[in-house]
$ cat entry11.txt   # compact mmCIF, C-alpha atoms and all ligand atoms
# COMPACT_ATOMS: atom_id res chain seq x y z
CA MET T 169 36.74 -17.81 -11.93
CA PRO T 170 38.32 -14.93 -9.96
CA LEU T 171 36.02 -13.09 -7.55
CA PHE T 172 36.81 -9.72 -9.15
CA PRO T 173 37.37 -10.44 -12.84
CA GLU T 174 37.98 -6.79 -13.73
CA ALA T 175 41.04 -6.68 -11.44
CA ARG T 176 44.31 -8.56 -11.59
CA CYS T 177 43.97 -9.34 -7.86
CA ALA T 178 42.25 -7.96 -4.75
CA VAL T 179 43.38 -6.72 -1.34
CA ALA T 180 41.14 -6.72 1.75
CA LEU T 181 42.62 -4.99 4.79
CA GLY T 182 40.77 -6.30 7.87
CA TRP T 183 41.32 -4.60 11.24
CA ASP T 184 40.44 -6.32 14.53
CA CYS T 185 39.50 -3.48 16.87
CA GLU T 186 40.36 -4.43 20.42
CA MET T 187 42.59 -3.67 23.39
CA ILE T 188 45.10 -6.49 23.15
CA GLY T 189 45.66 -8.40 26.39
CA ALA T 190 49.39 -8.89 25.77
CA TYR T 191 50.07 -5.12 26.04
CA ALA T 192 50.46 -4.75 29.79
CA ASP T 193 50.96 -0.96 29.70
CA THR T 194 47.38 -0.31 28.58
CA ASN T 195 45.81 -3.59 29.55
CA PRO T 196 46.89 -4.66 33.05
CA THR T 197 44.15 -7.31 33.16
CA GLY T 198 45.97 -9.27 30.42
CA THR T 199 42.59 -10.00 28.84
CA THR T 200 41.77 -8.74 25.34
CA HIS T 201 38.62 -6.61 25.46
CA GLY T 202 36.60 -4.09 23.50
CA HIS T 203 36.67 -1.01 25.73
CA LEU T 204 38.75 0.95 23.22
CA ASP T 205 40.89 3.84 24.42
CA ASP T 206 41.26 7.13 22.53
CA ARG T 207 44.56 6.03 20.95
CA VAL T 208 42.98 2.98 19.30
CA LEU T 209 39.85 4.90 18.23
CA GLN T 210 42.00 7.67 16.71
CA THR T 211 44.12 5.07 14.90
CA MET T 212 40.96 3.58 13.37
CA LEU T 213 39.90 7.04 12.14
CA ASP T 214 43.39 7.81 10.80
CA LEU T 215 43.57 4.47 8.95
CA ALA T 216 40.14 5.11 7.43
CA GLY T 217 41.25 8.57 6.29
CA LEU T 218 44.40 7.18 4.67
CA ALA T 219 42.37 4.50 2.88
CA GLU T 220 39.87 7.06 1.63
CA GLN T 221 42.66 9.15 0.11
CA ALA T 222 43.38 6.10 -2.05
CA GLY T 223 39.70 5.57 -2.84
CA ALA T 224 39.70 2.41 -0.71
CA ARG T 225 37.44 1.23 2.10
CA LEU T 226 38.54 -0.85 5.11
CA GLN T 227 37.03 -3.76 6.96
CA PHE T 228 36.71 -3.44 10.75
CA PHE T 229 35.84 -6.26 13.13
CA ILE T 230 34.15 -5.02 16.29
CA LEU T 231 33.56 -6.68 19.67
CA GLY T 232 30.12 -6.54 21.26
CA GLN T 233 31.76 -4.92 24.31
CA THR T 234 32.69 -1.90 22.18
CA LEU T 235 29.03 -1.41 21.26
CA GLU T 236 28.14 -1.06 24.94
CA GLY T 237 30.06 2.26 25.07
CA PRO T 238 29.92 5.38 22.87
CA VAL T 239 29.64 4.39 19.20
CA ASP T 240 30.18 7.77 17.49
CA VAL T 241 33.43 6.65 15.85
CA LEU T 242 31.86 3.42 14.59
CA ARG T 243 28.81 5.28 13.19
CA ASP T 244 31.17 7.70 11.50
CA LEU T 245 33.20 4.87 9.91
CA ALA T 246 30.09 3.05 8.71
CA GLY T 247 28.68 6.31 7.30
CA ARG T 248 31.89 6.80 5.32
CA GLY T 249 31.43 3.42 3.62
CA HIS T 250 33.78 1.23 5.66
CA ALA T 251 32.51 -2.26 6.50
CA LEU T 252 31.91 -3.24 10.12
CA ASP T 253 31.34 -6.82 11.17
CA GLN T 254 31.64 -8.72 14.40
CA HIS T 255 34.38 -10.36 16.46
CA THR T 256 32.21 -11.95 19.26
CA HIS T 257 31.24 -10.03 22.40
CA SER T 258 34.27 -10.58 24.66
CA HIS T 259 36.88 -12.03 22.26
CA LEU T 260 35.82 -15.59 23.04
CA SER T 261 37.39 -18.26 20.82
CA LEU T 262 34.81 -19.89 18.54
CA LEU T 263 36.51 -23.19 19.36
CA SER T 264 36.00 -22.64 23.08
CA GLY T 265 34.59 -25.70 24.80
CA ASP T 266 31.53 -23.70 25.86
CA ALA T 267 29.39 -23.81 22.71
CA ALA T 268 26.41 -22.20 24.49
CA ALA T 269 28.56 -19.20 25.49
CA VAL T 270 29.86 -18.78 21.92
CA LYS T 271 26.32 -18.83 20.53
CA ARG T 272 25.15 -16.35 23.18
CA GLU T 273 28.05 -13.96 22.43
CA VAL T 274 27.54 -14.04 18.67
CA GLY T 275 23.79 -13.49 19.02
CA GLU T 276 24.19 -10.68 21.56
CA THR T 277 26.77 -8.90 19.40
CA SER T 278 24.53 -9.01 16.32
CA ARG T 279 21.71 -7.60 18.44
CA LEU T 280 23.97 -4.77 19.69
CA PHE T 281 24.98 -3.97 16.09
CA GLU T 282 21.34 -3.55 15.12
CA GLN T 283 20.48 -1.57 18.23
CA THR T 284 23.42 0.87 18.13
CA LEU T 285 24.44 1.05 14.46
CA GLY T 286 21.17 0.16 12.75
CA PHE T 287 22.42 -2.83 10.75
CA ARG T 288 23.29 -6.44 11.42
CA PRO T 289 26.76 -7.89 10.84
CA MET T 290 27.20 -10.08 7.79
CA GLY T 291 30.37 -11.75 9.05
CA LEU T 292 32.50 -12.77 11.98
CA ARG T 293 36.24 -12.82 12.59
CA GLY T 294 37.16 -15.73 14.84
CA PRO T 295 39.21 -14.45 17.82
CA GLY T 296 42.75 -15.86 17.71
CA GLY T 297 42.45 -17.54 14.31
CA TYR T 298 42.54 -21.32 13.94
CA ARG T 299 45.02 -23.50 12.15
CA ASP T 300 42.30 -25.39 10.23
CA GLY T 301 39.63 -22.70 10.27
CA LEU T 302 36.28 -24.33 11.07
CA GLU T 303 37.11 -27.60 9.25
CA GLY T 304 35.53 -30.45 11.18
CA ARG T 305 33.52 -28.03 13.34
CA GLU T 306 30.18 -28.38 11.62
CA ASP T 307 28.55 -27.32 14.90
CA VAL T 308 30.25 -23.91 14.79
CA GLN T 309 29.56 -23.52 11.06
CA ALA T 310 25.88 -24.24 11.73
CA MET T 311 25.80 -21.83 14.69
CA ALA T 312 27.22 -19.00 12.55
CA SER T 313 24.76 -19.60 9.71
CA ALA T 314 21.82 -19.88 12.10
CA ALA T 315 22.87 -16.52 13.58
CA GLY T 316 22.37 -15.00 10.10
CA LEU T 317 26.07 -14.63 9.28
CA ARG T 318 27.18 -15.24 5.69
CA PHE T 319 30.94 -15.30 6.17
CA VAL T 320 33.56 -16.06 8.78
CA SER T 321 37.28 -15.33 8.82
CA THR T 322 38.87 -17.94 11.06
CA HIS T 323 41.57 -19.76 9.10
CA TYR T 324 45.06 -18.62 10.12
CA ALA T 325 47.73 -21.17 9.31
CA THR T 326 50.87 -19.13 8.73
CA LYS T 327 53.21 -20.31 11.45
CA SER T 328 56.77 -21.49 11.19
CA PRO T 329 57.60 -24.54 13.31
CA THR T 330 59.70 -22.37 15.65
CA GLY T 331 57.59 -19.23 15.52
CA LYS T 332 60.83 -17.32 14.92
CA TYR T 333 62.19 -15.54 11.85
CA ASP T 334 62.41 -18.15 9.19
CA VAL T 335 62.92 -17.55 5.47
CA VAL T 336 61.30 -20.88 4.63
CA ALA T 337 58.24 -19.89 6.64
CA ASP T 338 58.12 -16.57 4.80
CA LYS T 339 58.13 -18.37 1.47
CA ASN T 340 55.44 -20.70 2.81
CA ALA T 341 53.37 -17.68 3.81
CA TYR T 342 53.27 -16.55 0.20
CA MET T 343 52.71 -20.02 -1.23
CA MET T 344 49.91 -20.75 1.24
CA MET T 345 47.90 -17.82 -0.05
CA LYS T 346 47.29 -19.81 -3.19
CA HIS T 347 45.52 -22.46 -1.12
CA MET T 348 44.02 -20.16 1.50
CA GLN T 349 41.47 -18.41 -0.68
CA PRO T 350 37.79 -17.76 0.08
CA ARG T 351 35.83 -21.01 0.02
CA ALA T 352 32.44 -22.15 1.28
CA TYR T 353 31.92 -24.78 3.97
CA PRO T 354 29.38 -27.49 3.02
CA ASN T 355 26.53 -25.51 4.62
CA GLY T 356 27.26 -22.48 2.41
CA LEU T 357 29.03 -20.37 5.05
CA LEU T 358 31.97 -18.57 3.41
CA GLU T 359 35.46 -18.76 4.94
CA ILE T 360 37.78 -15.83 4.15
CA PRO T 361 41.19 -16.99 5.45
CA MET T 362 43.77 -14.62 6.92
CA SER T 363 46.71 -14.31 4.49
CA GLY T 364 50.42 -14.19 5.24
CA TYR T 365 51.52 -13.05 8.69
CA SER T 366 49.31 -11.02 11.01
CA ASP T 367 50.85 -7.86 12.45
CA ARG T 368 50.70 -9.45 15.94
CA HIS T 369 52.65 -12.45 14.73
CA TRP T 370 55.22 -10.34 12.91
CA PHE T 371 55.91 -7.62 15.47
CA ASP T 372 55.02 -9.17 18.81
CA ASN T 373 55.64 -12.91 18.48
CA GLN T 374 58.60 -12.72 16.14
CA GLY T 375 60.01 -9.34 17.19
CA ARG T 376 60.58 -8.21 13.62
CA GLY T 377 60.64 -4.61 12.43
CA LEU T 378 58.53 -2.16 10.43
CA ALA T 379 60.63 -2.07 7.24
CA GLY T 380 60.41 -5.86 6.97
CA TRP T 381 56.69 -5.77 7.70
CA ILE T 382 56.02 -3.33 4.87
CA ARG T 383 58.17 -5.48 2.60
CA HIS T 384 56.19 -8.57 3.67
CA LEU T 385 52.90 -6.94 2.67
CA GLN T 386 54.40 -5.83 -0.63
CA ASP T 387 55.81 -9.34 -1.25
CA CYS T 388 52.40 -10.88 -0.52
CA LEU T 389 50.85 -8.40 -2.92
CA ASP T 390 53.40 -9.25 -5.59
CA PHE T 391 52.57 -12.93 -5.13
CA VAL T 392 48.80 -12.54 -5.56
CA TYR T 393 49.37 -10.12 -8.43
CA ASP T 394 51.75 -12.48 -10.27
CA MET T 395 49.47 -15.49 -9.71
CA GLY T 396 46.44 -13.44 -10.75
CA GLY T 397 42.87 -13.73 -9.49
CA LEU T 398 43.80 -14.15 -5.82
CA LEU T 399 42.81 -12.25 -2.68
CA TYR T 400 45.32 -10.93 -0.15
CA ALA T 401 43.58 -10.49 3.22
CA PRO T 402 45.96 -10.00 6.15
CA ALA T 403 44.76 -9.79 9.78
CA LEU T 404 45.66 -6.39 11.26
CA HIS T 405 45.12 -4.57 14.55
CA PRO T 406 44.88 -0.79 15.19
CA ASP T 407 46.36 -1.36 18.69
CA THR T 408 49.41 -3.14 17.21
CA HIS T 409 49.93 -0.65 14.39
CA SER T 410 49.77 2.37 16.66
CA ARG T 411 52.68 0.84 18.65
CA HIS T 412 54.89 -0.54 15.90
CA ASP T 413 53.96 1.84 13.08
CA PRO T 414 52.96 5.03 14.94
CA GLY T 415 53.34 7.11 11.76
CA LEU T 416 50.98 4.69 9.96
CA ALA T 417 53.41 4.21 7.08
CA THR T 418 52.19 0.71 6.20
CA LEU T 419 48.89 1.57 4.52
CA PRO T 420 50.28 4.33 2.24
CA ALA T 421 53.20 2.02 1.34
CA VAL T 422 50.75 -0.67 0.24
CA VAL T 423 48.70 1.87 -1.72
CA GLU T 424 51.84 3.19 -3.43
CA HIS T 425 52.95 -0.36 -4.28
CA VAL T 426 49.56 -1.05 -5.86
CA ARG T 427 49.65 2.23 -7.78
CA LYS T 428 52.87 1.21 -9.52
CA LYS T 429 51.33 -1.99 -10.93
CA HIS T 430 50.42 -2.12 -14.58
CA ASP T 431 47.11 -3.95 -14.17
CA PRO T 432 44.32 -2.84 -11.79
CA VAL T 433 44.40 -4.11 -8.21
CA ARG T 434 41.15 -3.70 -6.30
CA PHE T 435 40.84 -2.80 -2.60
CA VAL T 436 37.77 -4.55 -1.22
CA THR T 437 36.05 -5.10 2.11
CA TYR T 438 35.29 -8.59 3.38
CA ARG T 439 31.63 -7.80 2.74
CA GLU T 440 32.40 -7.20 -0.90
CA VAL T 441 34.30 -10.51 -1.03
CA ALA T 442 31.25 -12.28 0.45
CA GLN T 443 28.88 -10.54 -1.97
CA ALA T 444 31.06 -11.51 -4.91
CA ALA T 445 31.45 -15.10 -3.71
CA LEU T 446 27.89 -15.72 -2.56
CA GLY T 447 25.88 -13.20 -4.50
CA ALA T 448 24.60 -12.27 -1.07
CA PRO T 449 22.90 -8.92 -0.46
CA GLU T 450 24.09 -6.84 2.48
CA PRO T 451 21.83 -7.26 5.51
CA SER T 452 19.83 -4.15 6.29
ZN ZN U 1 40.93 -10.19 18.03
$ encode --input "entry11.txt" --output "structure tokens" --more "lines below"
Ligand SMILES: [Zn+2]
Amino acid sequence: MPLFPEARCAVALGWDCEMIGAYADTNPTGTTHGHLDDRVLQTMLDLAGLAEQAGARLQFFILGQTLEGPVDVLRDLAGRGHALDQHTHSHLSLLSGDAAAVKREVGETSRLFEQTLGFRPMGLRGPGGYRDGLEGREDVQAMASAAGLRFVSTHYATKSPTGKYDVVADKNAYMMMKHMQPRAYPNGLLEIPMSGYSDRHWFDNQGRGLAGWIRHLQDCLDFVYDMGGLLYAPALHPDTHSRHDPGLATLPAVVEHVRKKHDPVRFVTYREVAQAALGAPEPS
């Protein structure tokens, strides 16, 4: 049974809001963190505006560090109906060897959400993404559920053996979406995998260009549309888009591609995916 039976397929655009450590010009420490500069904050607002023009809402994943500074932009985004969930406090991998630190960061970030934004996160994007998601990590699954989270997004498996441009890997990226669909771990925690290539992987690791990136998103969309009933949920970053797509052409190109389809395609947030999959109410 598809999650959104009234639509041919669904698209969830999830943006990880952080200063990326690999960009030495704005991040000399080399460590990814949440003290967002004006460029990244403005990109988040611009993306939200573009989505709203299409009647769509976006999903943003926010670090606890960001909530320790001014939160006007985040309040604004939440007030306009975009979904905000968490990404740990300091971008700590959920598979880090220090389980106590992971638990502390997740708990502290949820507390900061409630204190500064007035609601608790429903989900968590796992920093870095993991080849097998949280398979075999029942301890992390249990930690997330005990923290009150209903979904995670941690499964990122789209890598070619060489990490370079590879047509076979591109085909695999589409095919894998069929298998990388939302699914619950045994304890009921929902996994919403990251589909296709992330922008970081495409632009920064593989050194590929914007026209190909837009085509990749459109190809992924075509795949989920043709298969029917699937979700396309790529992992995206405002920091990366403002560098490689400064005119923010990607989002309108996706919207336009959807508009040309015969059957309805629904833009959803990860929260809406979780509500559809779990029947879970939003936390207040
Ligand atoms: Zn991240």
$ residues_near_ligand --input "entry11.txt" --ligand "ligand ZN 1 (chain U)" --cutoff "6 Å" --atoms "only C-alpha atoms and all ligand atoms" --output "list in words"
Asp184, Pro295 and Gly296 of chain T
$ closest_residue --input "entry11.txt" --among "T:Leu446, T:Ser278, T:Ala175, T:Gly286" --to "T:Arg351" --atoms "only C-alpha atoms"
T:Leu446
$ atom_distance --input "entry11.txt" --atom1 "atom CA of T:Arg439" --atom2 "atom CA of T:Leu302"
19.1 Å
$ residues_around --input "entry11.txt" --residues "stretch 431-436 of chain T" --least-positions-apart "4" --cutoff "7 Å" --atoms "all atoms listed in the file" --output "ChimeraX atom specification"
/T:175-180,224-225,426,440-441
$ write_last_selection --input "entry11.txt" --atoms "C-alpha atoms" --output "short mmCIF file (atom, residue, chain, number, x, y, z; two decimals), in the frame of the given file"
data_model
loop_
_atom_site.label_atom_id
_atom_site.label_comp_id
_atom_site.auth_asym_id
_atom_site.auth_seq_id
_atom_site.Cartn_x
_atom_site.Cartn_y
_atom_site.Cartn_z
CA ALA T 175 41.04 -6.68 -11.44
CA ARG T 176 44.31 -8.56 -11.59
CA CYS T 177 43.97 -9.34 -7.86
CA ALA T 178 42.25 -7.96 -4.75
CA VAL T 179 43.38 -6.72 -1.34
CA ALA T 180 41.14 -6.72 1.75
CA ALA T 224 39.70 2.41 -0.71
CA ARG T 225 37.44 1.23 2.10
CA VAL T 426 49.56 -1.05 -5.86
CA GLU T 440 32.40 -7.20 -0.90
CA VAL T 441 34.30 -10.51 -1.03
#
$ atom_distance --input "entry11.txt" --atom1 "atom CA of T:Leu181" --atom2 "atom CA of T:Ala421"
13.2 Å
$ residues_around --input "entry11.txt" --residues "T:His250" --least-positions-apart "2" --cutoff "6 Å" --atoms "only C-alpha atoms" --output "list of chain:residue names"
T:Arg225, T:Leu226, T:Leu245, T:Ala246, T:Arg248
$ atom_distance --input "entry11.txt" --atom1 "atom CA of T:Asn195" --atom2 "atom CA of T:Pro361"
28.0 Å
$ axis_aligned_box --input "entry11.txt" --around "stretch 433-439 of chain T" --padding-each-side "6 Å" --output "AutoDock Vina command-line options"
--center_x 38.0 --center_y -5.7 --center_z -2.4 --size_x 24.8 --size_y 17.8 --size_z 23.6
$ closest_residue --input "entry11.txt" --among "T:Asp367, T:Glu276, T:Glu303, T:Asp206" --to "T:Ala352" --atoms "all atoms listed in the file"
T:Glu303
$ closest_residue --input "entry11.txt" --among "T:Met343, T:Phe281, T:Val270, T:Leu262" --to "T:Arg305" --atoms "all atoms listed in the file"
T:Leu262
$ closest_residue --input "entry11.txt" --among "T:Thr277, T:Thr256, T:Gln221, T:Ser261" --to "T:Glu236" --atoms "all atoms listed in the file"
T:Thr277
$ closest_residue --input "entry11.txt" --among "T:Thr199, T:Thr211, T:Thr234, T:Thr284" --to "T:Leu260" --atoms "all atoms listed in the file"
T:Thr199
$ closest_residue --input "entry11.txt" --among "T:Gly182, T:His425, T:Tyr353, T:Gln233" --to "T:Tyr393" --atoms "only C-alpha atoms"
T:His425
$ residues_around --input "entry11.txt" --residues "T:Met311" --least-positions-apart "3" --cutoff "12 Å" --atoms "all atoms listed in the file" --output "MDAnalysis selection string"
chainID T and resid 262:263 267:275 292 302 305:308 314:320 355 357
$ write_last_selection --input "entry11.txt" --atoms "C-alpha atoms" --output "compact mmCIF listing (two decimals), in the coordinates of the input"
# COMPACT_ATOMS: atom_id res chain seq x y z
CA LEU T 262 34.81 -19.89 18.54
CA LEU T 263 36.51 -23.19 19.36
CA ALA T 267 29.39 -23.81 22.71
CA ALA T 268 26.41 -22.20 24.49
CA ALA T 269 28.56 -19.20 25.49
CA VAL T 270 29.86 -18.78 21.92
CA LYS T 271 26.32 -18.83 20.53
CA ARG T 272 25.15 -16.35 23.18
CA GLU T 273 28.05 -13.96 22.43
CA VAL T 274 27.54 -14.04 18.67
CA GLY T 275 23.79 -13.49 19.02
CA LEU T 292 32.50 -12.77 11.98
CA LEU T 302 36.28 -24.33 11.07
CA ARG T 305 33.52 -28.03 13.34
CA GLU T 306 30.18 -28.38 11.62
CA ASP T 307 28.55 -27.32 14.90
CA VAL T 308 30.25 -23.91 14.79
CA ALA T 314 21.82 -19.88 12.10
CA ALA T 315 22.87 -16.52 13.58
CA GLY T 316 22.37 -15.00 10.10
CA LEU T 317 26.07 -14.63 9.28
CA ARG T 318 27.18 -15.24 5.69
CA PHE T 319 30.94 -15.30 6.17
CA VAL T 320 33.56 -16.06 8.78
CA ASN T 355 26.53 -25.51 4.62
CA LEU T 357 29.03 -20.37 5.05
$ residues_around --input "entry11.txt" --residues "T:Ile188" --least-positions-apart "2" --cutoff "12 Å" --atoms "all atoms listed in the file" --output "PyMOL selection string"
chain T and resi 184-186+190-205+208+258-259+295-296+368+372+404-411
